[in-house]
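J.: Contents of model_31.pdb (PDB, C-alpha atoms):
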ATOM      1  CA  ALA A   6       0.000   0.000   0.000
ATOM      2  CA  ASP A   7       1.233   3.481  -0.790
ATOM      3  CA  GLY A   8      -1.124   5.700   1.153
ATOM      4  CA  THR A   9      -3.354   6.843  -1.691
ATOM      5  CA  VAL A  10      -6.480   4.872  -0.572
ATOM      6  CA  THR A  11      -8.667   6.881  -2.962
ATOM      7  CA  GLY A  12     -11.860   4.914  -2.303
ATOM      8  CA  THR A  13     -11.417   5.266   1.449
ATOM      9  CA  LYS A  14     -10.968   9.022   1.136
ATOM     10  CA  HIS A  15     -14.148   9.342  -0.936
ATOM     11  CA  ALA A  16     -16.008   7.215   1.630
ATOM     12  CA  ALA A  17     -14.735   9.539   4.377
ATOM     13  CA  ILE A  18     -16.097  12.553   2.493
ATOM     14  CA  ARG A  19     -19.516  10.862   2.241
ATOM     15  CA  LYS A  20     -19.502   9.996   5.970
ATOM     16  CA  LEU A  21     -18.388  13.496   7.004
ATOM     17  CA  ASN A  22     -21.307  14.887   5.036
ATOM     18  CA  HIS A  23     -23.761  12.323   6.432
ATOM     19  CA  GLU A  24     -22.678  12.569  10.074
ATOM     20  CA  LEU A  25     -21.365  16.131  10.437
ATOM     21  CA  GLY A  26     -23.057  17.840   7.502
ATOM     22  CA  ILE A  27     -19.758  19.023   6.009
ATOM     23  CA  PRO A  28     -20.295  19.740   2.288
ATOM     24  CA  ALA A  29     -18.103  17.584   0.037
ATOM     25  CA  ASN A  30     -16.628  20.610  -1.754
ATOM     26  CA  GLN A  31     -15.051  21.753   1.531
ATOM     27  CA  ILE A  32     -12.991  18.574   1.947
ATOM     28  CA  PRO A  33     -11.123  17.574  -1.225
ATOM     29  CA  PRO A  34      -9.777  13.990  -1.118
ATOM     30  CA  GLU A  35      -6.192  15.058  -1.778
ATOM     31  CA  LYS A  36      -6.168  16.956   1.542
ATOM     32  CA  PHE A  37      -6.581  13.714   3.542
ATOM     33  CA  LYS A  38      -3.548  11.925   4.957
ATOM     34  CA  PHE A  39      -3.820   8.154   5.476
ATOM     35  CA  LEU A  40      -1.824   7.078   8.535
ATOM     36  CA  THR A  41      -2.691   3.440   9.306
ATOM     37  CA  ARG A  42      -5.446   0.853   9.728
ATOM     38  CA  LEU A  43      -6.827  -0.884  12.774
ATOM     39  CA  HIS A  44      -8.995  -3.948  13.298
ATOM     40  CA  TYR A  45     -11.144  -3.874  16.377
ATOM     41  CA  TRP A  46     -14.393  -5.171  17.769
ATOM     42  CA  ALA A  47     -16.605  -4.022  20.631
ATOM     43  CA  ALA A  48     -19.959  -5.037  22.078
ATOM     44  CA  ASP A  49     -22.158  -1.996  22.711
ATOM     45  CA  THR A  50     -22.665  -2.937  26.352
ATOM     46  CA  VAL A  51     -22.102   0.607  27.621
ATOM     47  CA  THR A  52     -25.258   1.989  26.004
ATOM     48  CA  HIS A  53     -27.342  -1.187  25.633
ATOM     49  CA  GLY A  54     -26.433  -3.263  28.711
ATOM     50  CA  PRO A  55     -24.416  -6.448  29.322
ATOM     51  CA  ASP A  56     -26.535  -8.588  26.981
ATOM     52  CA  SER A  57     -26.542  -6.097  24.111
ATOM     53  CA  PRO A  58     -27.095  -7.655  20.678
ATOM     54  CA  TRP A  59     -25.314  -4.663  19.112
ATOM     55  CA  GLY A  60     -21.638  -4.240  18.453
ATOM     56  CA  GLU A  61     -18.964  -3.481  15.898
ATOM     57  CA  HIS A  62     -16.298  -5.589  14.247
ATOM     58  CA  GLU A  63     -14.430  -3.702  11.592
ATOM     59  CA  ILE A  64     -11.243  -2.526   9.970
ATOM     60  CA  ASP A  65     -10.915   1.249  10.168
ATOM     61  CA  TYR A  66      -8.633   3.495   8.147
ATOM     62  CA  VAL A  67      -7.195   6.409  10.113
ATOM     63  CA  LEU A  68      -7.241   9.589   8.016
ATOM     64  CA  PHE A  69      -6.259  13.108   9.045
ATOM     65  CA  LEU A  70      -7.448  16.364   7.532
ATOM     66  CA  THR A  71      -6.284  19.734   8.775
ATOM     67  CA  VAL A  72      -7.752  23.193   8.250
ATOM     68  CA  GLU A  73      -6.146  26.559   8.922
ATOM     69  CA  ASP A  74      -9.314  27.921  10.527
ATOM     70  CA  LYS A  75     -12.333  26.035  11.853
ATOM     71  CA  ASN A  76     -14.560  28.536  10.038
ATOM     72  CA  GLN A  77     -13.416  26.934   6.764
ATOM     73  CA  LEU A  78     -15.820  24.062   7.477
ATOM     74  CA  THR A  79     -19.600  24.159   7.598
ATOM     75  CA  LEU A  80     -20.775  21.839  10.381
ATOM     76  CA  ARG A  81     -24.399  20.728  10.546
ATOM     77  CA  PRO A  82     -24.311  17.516  12.632
ATOM     78  CA  HIS A  83     -26.979  14.894  11.969
ATOM     79  CA  PRO A  84     -28.817  14.506  15.316
ATOM     80  CA  GLU A  85     -29.119  10.719  14.975
ATOM     81  CA  GLU A  86     -25.378  10.373  14.383
ATOM     82  CA  VAL A  87     -23.717  13.034  16.534
ATOM     83  CA  ASP A  88     -24.671  14.078  20.061
ATOM     84  CA  ASP A  89     -22.166  16.910  20.256
ATOM     85  CA  PHE A  90     -18.913  18.169  18.801
ATOM     86  CA  LYS A  91     -16.240  20.510  20.039
ATOM     87  CA  TRP A  92     -12.962  21.929  18.773
ATOM     88  CA  VAL A  93     -10.336  21.101  21.405
ATOM     89  CA  THR A  94      -6.643  21.412  22.127
ATOM     90  CA  GLN A  95      -4.509  18.324  22.607
ATOM     91  CA  ASP A  96      -4.402  18.899  26.368
ATOM     92  CA  ALA A  97      -8.174  19.358  26.551
ATOM     93  CA  LEU A  98      -8.711  16.095  24.658
ATOM     94  CA  GLY A  99      -6.421  14.287  27.099
ATOM     95  CA  GLU A 100      -8.476  15.633  30.006
ATOM     96  CA  MET A 101     -11.732  14.695  28.322
ATOM     97  CA  MET A 102     -10.521  11.129  27.741
ATOM     98  CA  ASN A 103      -9.989  10.825  31.500
ATOM     99  CA  ASP A 104     -13.452  12.154  32.383
ATOM    100  CA  PRO A 105     -15.670   9.139  33.215
ATOM    101  CA  SER A 106     -18.816  11.155  32.523
ATOM    102  CA  LEU A 107     -17.924  11.442  28.820
ATOM    103  CA  LEU A 108     -18.535   8.609  26.369
ATOM    104  CA  PHE A 109     -16.207   7.969  23.451
ATOM    105  CA  SER A 110     -16.320   5.139  20.944
ATOM    106  CA  PRO A 111     -13.841   2.324  21.636
ATOM    107  CA  TRP A 112     -12.047   2.900  18.319
ATOM    108  CA  PHE A 113     -11.493   6.587  19.131
ATOM    109  CA  ARG A 114     -10.104   5.671  22.555
ATOM    110  CA  ILE A 115      -7.745   3.181  20.889
ATOM    111  CA  ILE A 116      -6.507   5.809  18.415
ATOM    112  CA  CYS A 117      -6.012   8.398  21.166
ATOM    113  CA  GLN A 118      -4.170   6.044  23.489
ATOM    114  CA  ARG A 119      -1.958   4.473  20.854
ATOM    115  CA  TRP A 120      -1.100   7.346  18.560
ATOM    116  CA  LEU A 121      -2.802  10.685  19.099
ATOM    117  CA  VAL A 122      -2.249  12.190  22.527
ATOM    118  CA  THR A 123       0.895  13.094  24.447
ATOM    119  CA  GLY A 124       2.386  10.091  26.157
ATOM    120  CA  SER A 125       0.790   7.601  23.773
ATOM    121  CA  SER A 126       1.649   3.981  24.459
ATOM    122  CA  THR A 127       3.590   3.579  21.193
ATOM    123  CA  GLY A 128       5.724   6.686  21.573
ATOM    124  CA  THR A 129       4.120   8.019  18.401
ATOM    125  CA  ASP A 130       2.332  11.305  18.882
ATOM    126  CA  TRP A 131       0.582  12.282  15.665
ATOM    127  CA  TRP A 132      -0.842  15.503  17.090
ATOM    128  CA  LYS A 133       2.407  16.746  18.618
ATOM    129  CA  ASP A 134       4.228  15.920  15.385
ATOM    130  CA  LEU A 135       1.379  17.066  13.152
ATOM    131  CA  SER A 136       3.555  18.583  10.442
ATOM    132  CA  VAL A 137       5.558  15.337  10.253
ATOM    133  CA  ALA A 138       2.316  13.300  10.205
ATOM    134  CA  MET A 139       0.776  15.427   7.448
ATOM    135  CA  ASP A 140       3.801  16.284   5.286
ATOM    136  CA  THR A 141       5.888  13.084   5.364
ATOM    137  CA  ASP A 142       5.320   9.344   5.566
ATOM    138  CA  ASP A 143       7.561   9.013   8.644
ATOM    139  CA  LEU A 144       4.639   8.271  11.009
ATOM    140  CA  CYS A 145       2.590   6.250   8.514
ATOM    141  CA  ASP A 146       2.146   2.507   8.600
ATOM    142  CA  TYR A 147       0.564   1.390   5.334
ATOM    143  CA  GLY A 148       1.565  -2.261   5.595
ATOM    144  CA  ASN A 149       0.026  -3.352   8.891
ATOM    145  CA  ILE A 150      -3.449  -3.692  10.276
ATOM    146  CA  HIS A 151      -3.172  -3.142  14.029
ATOM    147  CA  ARG A 152      -5.486  -5.475  15.965
ATOM    148  CA  PHE A 153      -7.095  -4.557  19.262
ATOM    149  CA  ASP A 154      -9.490  -5.940  21.798
ATOM    150  CA  PRO A 155     -11.795  -3.337  23.333
ATOM    151  CA  PRO A 156     -11.623  -2.122  26.922
ATOM    152  CA  ALA A 157     -13.294  -4.399  29.492
ATOM    153  CA  GLU A 158     -16.556  -2.452  29.519
ATOM    154  CA  HIS A 159     -17.102  -3.401  25.860
ATOM    155  CA  MET A 160     -16.578  -7.149  26.320
ATOM    156  CA  GLY A 161     -19.469  -9.571  26.477
ATOM    157  CA  GLY A 162     -22.762  -8.686  24.866
ATOM    158  CA  ALA A 163     -25.211 -11.247  23.532
ATOM    159  CA  GLY A 164     -22.332 -13.127  21.908
ATOM    160  CA  ASN A 165     -20.339 -13.319  25.174
ATOM    161  CA  ALA A 166     -17.287 -11.910  23.392
ATOM    162  CA  ILE A 167     -13.965 -12.302  25.163
ATOM    163  CA  ALA A 168     -10.446 -10.961  24.576
ATOM    164  CA  ARG A 169      -8.942 -12.320  21.406
ATOM    165  CA  TYR A 170      -5.822 -10.349  20.536
ATOM    166  CA  ASP A 171      -4.296  -9.682  23.957
ATOM    167  CA  THR A 172      -3.850  -6.045  22.969
ATOM    168  CA  ALA A 173      -6.773  -4.537  24.826
ATOM    169  CA  LEU A 174      -6.993  -0.860  25.489
ATOM    170  CA  GLN A 175      -5.797  -0.216  29.022
ATOM    171  CA  PRO A 176      -7.613   2.172  31.354
TER     172      PRO A 176
END
Show me, as structure tokens, the structure contained in the file I just sent.
T.:
Amino acid sequence: ADGTVTGTKHAAIRKLNHELGIPANQIPPEKFKFLTRLHYWAADTVTHGPDSPWGEHEIDYVLFLTVEDKNQLTLRPHPEEVDDFKWVTQDALGEMMNDPSLLFSPWFRIICQRWLVTGSSTGTDWWKDLSVAMDTDDLCDYGNIHRFDPPAEHMGGAGNAIARYDTALQP
């Protein structure tokens, strides 16, 4: 893989329009940077209880897009997809991730812990090294699909899912 992932970038544009209401003409595909892929699963036991029939099992592509000014994007979140959104600093995101009253998807927690926030478990800090992440391939991993089990609160569900990869997100 060489990082072009054209189809994935076009899918991201469609999803950003569907979920956040960002018009496609504001996010050209060539502005996206593909960093890596991850394979994860999670039972939706946090919102639907310990016997939840709902969950996710997917391979996600991690793409970045930067803007000079947040006013460059029109945001009209779809109420059935997005509860809230907020522009934050790296430090504020780190604090929010530690706030037990806030819910984040398991895949976003995995990305934050492994690669995005200061002190990430891999030593890679995409946000701190944003210019390197966006302008070079030094922090990209096109060849691997990183596999993760979810945090403990997303185990179980109607399928009684248990740890499989021994790379669970740690609290």
J.: Just say which residues the PyMOL selection byres ((chain A and resi 71-74) around 10) picks in this file, as a list in words.
T.: Ile32, Lys36, Phe37, Lys38, Phe69, Leu70, Lys75, Asn76, Gln77, Leu78, Leu135 and Met139 of chain A
J.: For the atom pair atom CA of A:Val122 and atom CA of A:Gly99, what is the interatomic distance in Å to one decimal place?
T.: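 Pair atom CA of A:Val122 / atom CA of A:Gly99 returns 6.5 Å.
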J.: Rounded to one decimal in Å, what is the spacing between atom CA of A:Lys133 and atom CA of A:Leu98?
T.: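 Interatomic distance here is 12.7 Å.
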J.: Have a look at A:Gln95, A:Asn103, A:Ser110, A:Thr41 and name the one nearest to A:Leu144; count only C-alpha atoms.
T.: A:Thr41
J.: Would you kindly translate the PyMOL selection byres ((chain A and resi 67) around 8) into the concrete residues it picks from this file, as number ranges by chain?
T.: A: 39-43, 65-66, 68-69
J.: Write the selection just made, keeping C-alpha atoms, as a compact mmCIF listing (two decimals), keeping the file's coordinate frame?
T.:
# COMPACT_ATOMS: atom_id res chain seq x y z
CA PHE A 39 -3.82 8.15 5.48
CA LEU A 40 -1.82 7.08 8.54
CA THR A 41 -2.69 3.44 9.31
CA ARG A 42 -5.45 0.85 9.73
CA LEU A 43 -6.83 -0.88 12.77
CA ASP A 65 -10.92 1.25 10.17
CA TYR A 66 -8.63 3.50 8.15
CA LEU A 68 -7.24 9.59 8.02
CA PHE A 69 -6.26 13.11 9.04
J.: Do a neighbour search on A:Asp134 at 12 Å with all atoms listed in the file, toss out local chain neighbours closer than 6 positions, and write the hits as a list in words.
T.: Gln95, Trp120, Leu121, Val122, Thr123, Gly128, Asp140, Thr141, Asp142, Asp143, Leu144 and Cys145 of chain A
J.: Edge lengths and centre in Å to one decimal, as lines of an AutoDock Vina configuration file, is what I'm after for the box along x, y and z that holds all listed atoms of stretch 112-117 of chain A once 6 Å is added on each side.
T.:
center_x = -9.0
center_y = 5.6
center_z = 20.4
size_x = 18.0
size_y = 17.5
size_z = 16.2
J.: How many Å separate atom CA of A:Lys14 from atom CA of A:Ile116?
T.: 18.1 Å
